[in-house]
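Chemist: Sending over a structure as structure tokens; questions will come in a sec.
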Amino acid sequence: MEDIILKTVDLTKKYNNKAVVDNLNIEIRKGEIFGLLGPNGAGKSTTMNMICSIVRPTAGKIELLGKNPWKQKKDVIHKIGYIPQELAIHGSLKAWENVELFTSLYGIKGEQLKNAVNDSLEYVGLSERKQEFAKNFSGGMKRRLNIACAIGHNPELLIFDEPTVGIDPQSRNFILDKIKESNKKGATVIYTSHYMEEVEAICTRIAIMDNGKIIACGTSEELKRLVNGSDENITLEEVFLTLTGKKLRDYAE
Amino acid sequence: MIRYLIKNNFKLMFRNTWSVVVMLLGPILVIAVLSSAFSELMKSYEGVDDFAVGYRMEDAVEDAVRFQAVKLAGEENGILFYEYPEGNVKDVMEKNELAGFVEFSEDTYVVYKSADYEVEGITLEYFMNKAMNESVNASLQIQAQDSIVLPVEQLEFMPAVNARDYYGIIYIAYFGCCGMICATGVLSNEKKYGIVRRFQVSNLSETQNYLGKLIPVTLTVAVGMAVSTGITILFYDIHWGKPVLSMLIVFMMIVAANAFGMMLYNISDNLAITIIMLFTIVWFMGFFGGSFETYMFSSMPDMVKHLSPVYHGNRALVELSCMGESDYVASALWYSFAITVICSAIAILAGNIRKRGRV
């Protein structure tokens with residue numbers, strides 16, 4: 001039980017009486033890279049937002065490192081590194097200023113902050129460009145800076161909400177390598193994406209979510225066997241489409 | 001952590017070239033336009049040398065005793081009254097080079113002005129109006145208290161301020177009150193790029209978040225206004241009275257206006273609504289408070305003027321400039337302080353309620 005880093009019990013979020021997240025029960029163990037897959041409107045981002053205490057749940061319980069992030073926010077929030085889907089950086093600040101600003105929000109200051117800024121930028125390969133304004137960066141560089149802004153305080157749990165949207169393969173590959181590296185260093189990772197090959201490449205366990213519920217959960221091989229009876233001759237994308245259907249989803253999350 | 005938030009927000013606001021340029025150039029241009037447009041009107045408020053005025057009183061006038069007090073007040077303010085009981089008024093004025101003439105009858109008086117002494121004529125008219133009002137008030141006191149006390153020392157005679165000084169001072173204060181525009185870049189970016197979410201997933205409290213914006217926007221506006229003030233002093237020769245006290249008043253007005261703006265933003269959660277509401281309210285406060293029509297010539301009732309915090313600030317600043325002192329300094333500072341405290345409390349409360357009720 002001790003190695004459970006995140007647990008949700010009947011977690012529900014309703015908008016206008018419609019459940020966007022419906023009695024969600026997940027357990028994420030320490031050291032995992034947990035992938036959360038789902039079509040648009042499945043409830044992935046809402047789930048992430050509830051875990052990060054951005055969106056208040058309608059019902060249910062969240063236990064993050066044994067604590068309720070809504071009631072004991074100060075005790076747990078600094079253990080989370082949240083990398084939002086949007087590029088949540090200031091274009092008119094230099095790279096190091098962005099990292100300094102967002103890392104300082106966790107109470108880090110002085111020399112420790114300076115080191116954290118340098119380490120974070122080094123980690124995402126931007127230390128050579130730290131004096132440049134973020135608005136002059138390419139899409140991939142901005143994505144990497146977006147990550148640097150969330151890791152300076154050495155969080156135990158990293159939450160990536162579609163971090164590779166709209167970037168070139170090199171940048172994507174770099175980010176995926178860094179996620180694996182962070183995981184090896186001890187961080188637990190929750191990763192949401194639409195890219196099946198990414199999820200399959202890095203995640204130790206995958207949950208497929210649709211209409212606010214987890215419809216399947218397991219390793220990539222387990223999910224393939226669930227659909228095909230064997231993990232051969234089927235891709236994760238085919239598993240996903242089989243479980244969630246081929247109908248177009250036009251929701252806005 | 002708030003130190004870094006303030007520092008970086010300050011940088012962001014200063015790097016928003018457009019708003020800084022507007023804050024710097026705005027007052028300089030408006031001051032140039034208004035001070036020249038109203039210079040003729042304001043000449044009547046400029047200090048004039050002592051000048052002679054004739055007067056005549058019909059026998060039946062019962063207020064001769066009270067007029068003596070008015071005459072004394074006139075002398076204290078550089079208006080010298082000489083009696084001319086006989087002759088045609090026009091001829092007497094021309095012959096004796098009088099700037100004006102006052103003819104009293106039983107219950108009225110007529111002020112004659114000379115085309116050669118335009119400013120003195122307006123001054124005389126204003127003085128007589130004010131003096132006779134005071135005189136009537138005093139007569140009511142006479143009846144009630146059975147004593148003759150004419151408060152001539154309290155006659156609010158016009159301070160010597162010219163259009164350049166008036167608008168040069170007023171518009172620094174007015175633009176300072178609109179300084180929230182410097183924060184729009186930061187506020188819109190925070191929303192547009194989901195930076196607010198980063199704040200939510202951190203230890204940043206609502207009070208820190210509020211101060212992290214109020215302090216840098218105030219500093220940015222204060223620096224901008226200081227530069228504008230320096231430029232206007234240099235090029236337009238604007239005279240500020242008691243510079244430290246005047247700057248404190250302007251600074252407090254800036255803090256109050258920004259706190260008010262932040263409160264509107266935290267309540268509405270909408271930048272466009274905030275800016276429209278803030279500018280509208282500041283405009284009305286300025287309208288009542290002498291930012292457009294000078295408060296001396298404004299026909300607005302005193303009660304309405306006094307309701308406007310801008311009026312207290314404007315009046316204190318202008319009187320400090322032309323008289324070196326003002327009874328409005330304390331009210332201007334207290335008004336700004338009270339607005340800052342109340343608006344800050346509401347802004348933080350609104351932010352916390354919004355946070356708790358996140359949907």
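Here's how to read the names in the structure tokens: chain A, B, ... by the order shown, residue numbers from 1 in each chain, ligand numbers from 1 in the order shown.
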Write out as number ranges by chain every residue belonging to chain A that has an atom at most 8 Å from any atom of chain B, counting only C-alpha atoms.
Modeler: A: 52-56, 74, 77-78, 80, 82, 84, 86-90, 92-93, 97, 100-102, 104-109
Chemist: Just want the 7 Å neighbourhood of segment 123-134 of chain A, counted on only C-alpha atoms, with same-chain residues fewer than 4 positions away dropped. Output as a ChimeraX atom specification.
Modeler: /A:90-96,118-119,142,144,148
Chemist: Mind dumping the selected residues with C-alpha atoms as a PDB file, in the first residue's frame?
Modeler:
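Produced file out_31.pdb, reproduced below:
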```pdb
ATOM      1  CA  HIS A  90       5.761  34.130 -20.837  1.00  0.00           C
ATOM      2  CA  GLY A  91       7.079  34.985 -24.301  1.00  0.00           C
ATOM      3  CA  SER A  92       8.467  38.303 -23.071  1.00  0.00           C
ATOM      4  CA  LEU A  93      10.602  36.652 -20.407  1.00  0.00           C
ATOM      5  CA  LYS A  94      13.936  35.047 -21.143  1.00  0.00           C
ATOM      6  CA  ALA A  95      14.199  31.293 -20.795  1.00  0.00           C
ATOM      7  CA  TRP A  96      15.933  31.475 -17.407  1.00  0.00           C
ATOM      8  CA  ASN A 118      20.461  26.034 -14.371  1.00  0.00           C
ATOM      9  CA  ASP A 119      19.795  22.333 -13.776  1.00  0.00           C
ATOM     10  CA  LYS A 142       8.995  26.164 -26.151  1.00  0.00           C
ATOM     11  CA  ARG A 144      11.063  21.904 -23.601  1.00  0.00           C
ATOM     12  CA  ALA A 148      11.774  22.992 -17.474  1.00  0.00           C
TER      13      ALA A 148
END
```
Chemist: From segment 68-248 of chain B, collect each residue whose DSSP state is strand (DSSP E) and return the set as a ChimeraX atom specification.
Modeler: /B:79-83,100-104,109-113
Chemist: Give me, as JSON, numbers by chain, the residues of segment 21-225 of chain A that a backbone DSSP run labels helix (DSSP H, G or I).
Modeler: {"A": [44, 45, 46, 47, 48, 49, 50, 51, 73, 74, 75, 76, 77, 78, 79, 95, 96, 97, 98, 99, 100, 101, 102, 103, 104, 110, 111, 112, 113, 114, 115, 116, 117, 118, 119, 120, 121, 122, 123, 127, 128, 129, 134, 135, 136, 139, 140, 141, 142, 143, 144, 145, 146, 147, 148, 149, 150, 151, 169, 170, 171, 172, 173, 174, 175, 176, 177, 178, 179, 180, 181, 182, 183, 184, 196, 197, 198, 199, 200, 201, 202, 220, 221, 222, 223, 224, 225]}
Chemist: Which polymer residues have any atom within 8 Å of an atom of Ile339 of chain B, counting only C-alpha atoms, with same-chain residues fewer than 4 positions away left out, as a ChimeraX atom specification?
Modeler: /B:256,259-260,335,343
Chemist: Selection from above, N, CA, C and O atoms, as a PDB file, in the first residue's frame, can you write it?
Modeler:
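Output file out.pdb is given in full below:
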```pdb
ATOM      1  N   ALA B 256      -4.209  53.317  -5.304  1.00  0.00           N
ATOM      2  CA  ALA B 256      -5.655  53.152  -5.111  1.00  0.00           C
ATOM      3  C   ALA B 256      -6.338  52.739  -6.412  1.00  0.00           C
ATOM      4  O   ALA B 256      -7.168  51.818  -6.428  1.00  0.00           O
ATOM      5  N   ALA B 259      -5.444  49.160  -7.217  1.00  0.00           N
ATOM      6  CA  ALA B 259      -6.153  48.229  -6.316  1.00  0.00           C
ATOM      7  C   ALA B 259      -7.604  48.105  -6.755  1.00  0.00           C
ATOM      8  O   ALA B 259      -8.168  46.999  -6.773  1.00  0.00           O
ATOM      9  N   PHE B 260      -8.184  49.226  -7.148  1.00  0.00           N
ATOM     10  CA  PHE B 260      -9.564  49.222  -7.622  1.00  0.00           C
ATOM     11  C   PHE B 260      -9.685  48.377  -8.903  1.00  0.00           C
ATOM     12  O   PHE B 260     -10.593  47.557  -9.052  1.00  0.00           O
ATOM     13  N   TYR B 335      -8.374  59.162   1.435  1.00  0.00           N
ATOM     14  CA  TYR B 335      -9.256  58.582   0.413  1.00  0.00           C
ATOM     15  C   TYR B 335      -8.519  57.438  -0.310  1.00  0.00           C
ATOM     16  O   TYR B 335      -9.032  56.334  -0.463  1.00  0.00           O
ATOM     17  N   CYS B 343     -10.398  47.843  -1.404  1.00  0.00           N
ATOM     18  CA  CYS B 343     -10.364  47.132  -2.692  1.00  0.00           C
ATOM     19  C   CYS B 343      -9.443  45.912  -2.618  1.00  0.00           C
ATOM     20  O   CYS B 343      -9.754  44.868  -3.203  1.00  0.00           O
TER      21      CYS B 343
END
```
Chemist: I'd like a table as a tab-separated table: residues in segment 110-180 of chain A with an atom no more than 9 Å from segment 201-204 of chain A, each row giving the shortest atom pair and its distance in Å to one decimal, only C-alpha atoms counted, sorted by chain and rising residue number.
Modeler:
```
residue	atom	partner	partner_atom	distance
A:Leu176	CA	A:Ile202	CA	7.2
A:Asp177	CA	A:Ile202	CA	8.6
A:Ile179	CA	A:Ile202	CA	8.1
A:Lys180	CA	A:Ile202	CA	6.7
```
Chemist: Just want the 12 Å neighbourhood of Ser298 of chain B, counted on only C-alpha atoms, with same-chain residues fewer than 5 positions away dropped. Output as an MDAnalysis selection string.
Modeler: chainID B and resid 286:293 304:305 311
Chemist: Would you list the contacts of Val102 of chain B as an mmCIF file with N, CA and C atoms, in the first residue's frame, taking every protein, DNA or RNA residue within 7 Å and counting only C-alpha atoms, but skipping same-chain residues closer than 4 positions in sequence?
Modeler:
```
data_model
loop_
_atom_site.group_PDB
_atom_site.id
_atom_site.type_symbol
_atom_site.label_atom_id
_atom_site.label_comp_id
_atom_site.auth_asym_id
_atom_site.auth_seq_id
_atom_site.Cartn_x
_atom_site.Cartn_y
_atom_site.Cartn_z
ATOM 1 N N GLY B 54 -13.363 101.173 -8.631
ATOM 2 C CA GLY B 54 -14.218 102.206 -8.053
ATOM 3 C C GLY B 54 -15.509 101.600 -7.521
ATOM 4 N N TYR B 55 -16.152 102.327 -6.621
ATOM 5 C CA TYR B 55 -17.469 101.864 -6.179
ATOM 6 C C TYR B 55 -18.339 103.059 -5.823
ATOM 7 N N ARG B 56 -19.633 102.778 -5.826
ATOM 8 C CA ARG B 56 -20.597 103.824 -5.496
ATOM 9 C C ARG B 56 -21.734 103.142 -4.764
ATOM 10 N N TYR B 109 -26.125 94.668 -6.908
ATOM 11 C CA TYR B 109 -24.920 95.403 -7.258
ATOM 12 C C TYR B 109 -24.550 95.058 -8.700
ATOM 13 N N VAL B 110 -23.924 96.019 -9.367
ATOM 14 C CA VAL B 110 -23.537 95.826 -10.770
ATOM 15 C C VAL B 110 -22.016 95.964 -10.857
ATOM 16 N N VAL B 111 -21.382 95.008 -11.534
ATOM 17 C CA VAL B 111 -19.935 95.075 -11.714
ATOM 18 C C VAL B 111 -19.656 95.529 -13.146
ATOM 19 N N TYR B 112 -18.917 96.611 -13.278
ATOM 20 C CA TYR B 112 -18.488 97.083 -14.599
ATOM 21 C C TYR B 112 -17.042 96.634 -14.810
#
```
Chemist: Hey, which of B:Ile172, B:Ile231, B:Cys178, B:Val70 ends up closest to Phe127 of chain B? Count only C-alpha atoms.
Modeler: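 For Phe127 of chain B, the nearest of the given residues is B:Val70.
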Chemist: Work out how far atom CA of Gly38 of chain A is from atom CA of Ile208 of chain A, in Å to one decimal.
Modeler: 5.6 Å
Chemist: Taking into account only C-alpha atoms, which residue in the set B:Thr340, B:Thr184, B:Ser321, B:Asn77 is nearest to Thr123 of chain B?
Modeler: B:Asn77
Chemist: Would you mind listing what lies within 7 Å of segment 151-162 of chain A as a VMD selection string, with only C-alpha atoms counted and same-chain residues fewer than 2 positions away left out?
Modeler: chain A and resid 78 to 85 103 106 116 to 117 120 147 to 149 164 to 165 187 to 193
Chemist: Store the residues picked out above, limited to C-alpha atoms, as an mmCIF file, in the first residue's frame.
Modeler:
```
data_model
loop_
_atom_site.group_PDB
_atom_site.id
_atom_site.type_symbol
_atom_site.label_atom_id
_atom_site.label_comp_id
_atom_site.auth_asym_id
_atom_site.auth_seq_id
_atom_site.Cartn_x
_atom_site.Cartn_y
_atom_site.Cartn_z
ATOM 1 C CA HIS A 78 5.188 20.919 -4.155
ATOM 2 C CA LYS A 79 5.544 17.209 -4.878
ATOM 3 C CA ILE A 80 3.735 17.589 -8.195
ATOM 4 C CA GLY A 81 5.246 18.851 -11.425
ATOM 5 C CA TYR A 82 2.447 19.748 -13.806
ATOM 6 C CA ILE A 83 3.250 20.228 -17.469
ATOM 7 C CA PRO A 84 0.100 21.652 -19.041
ATOM 8 C CA GLN A 85 -1.018 21.038 -22.574
ATOM 9 C CA THR A 103 10.275 27.412 -9.755
ATOM 10 C CA TYR A 106 7.414 26.474 -4.627
ATOM 11 C CA ALA A 116 17.536 24.735 -9.904
ATOM 12 C CA VAL A 117 17.123 27.073 -12.891
ATOM 13 C CA SER A 120 16.330 22.503 -15.318
ATOM 14 C CA ILE A 147 8.807 21.198 -19.076
ATOM 15 C CA ALA A 148 11.774 22.992 -17.474
ATOM 16 C CA CYS A 149 9.361 25.337 -15.729
ATOM 17 C CA THR A 164 4.464 16.602 -27.567
ATOM 18 C CA VAL A 165 1.644 18.259 -29.492
ATOM 19 C CA ALA A 187 9.950 10.250 -10.484
ATOM 20 C CA THR A 188 6.535 8.748 -11.076
ATOM 21 C CA VAL A 189 4.961 9.924 -14.323
ATOM 22 C CA ILE A 190 1.401 10.294 -15.511
ATOM 23 C CA TYR A 191 1.313 10.807 -19.226
ATOM 24 C CA THR A 192 -1.626 11.636 -21.468
ATOM 25 C CA SER A 193 -1.342 11.653 -25.226
#
```
Chemist: Which of these residues is nearest to Gly66 of chain A, using only C-alpha atoms: A:Ile4, A:Leu36, A:Leu113, A:Val227?
Modeler: A:Ile4
Chemist: Would you compute the distance between atom CA of Ser114 of chain B and atom CA of Glu97 of chain B? Give it in Å to one decimal.
Modeler: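 Atom CA of Glu97 of chain B lies at a distance of 9.2 Å from atom CA of Ser114 of chain B.
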Chemist: Go ahead and compute the interatomic distance for atom CA of Glu197 of chain A and atom CA of Leu243 of chain A, in Å to one decimal.
Modeler: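 Computing the Euclidean distance for atom CA of Glu197 of chain A and atom CA of Leu243 of chain A yields 16.8 Å.
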Chemist: Give me the residues near Val21 of chain A as an MDAnalysis selection string, where near means some atom within 6 Å (using only C-alpha atoms) and where sequence neighbours in that chain fewer than 3 positions away do not count.
Modeler: chainID A and resid 12:13 43 212
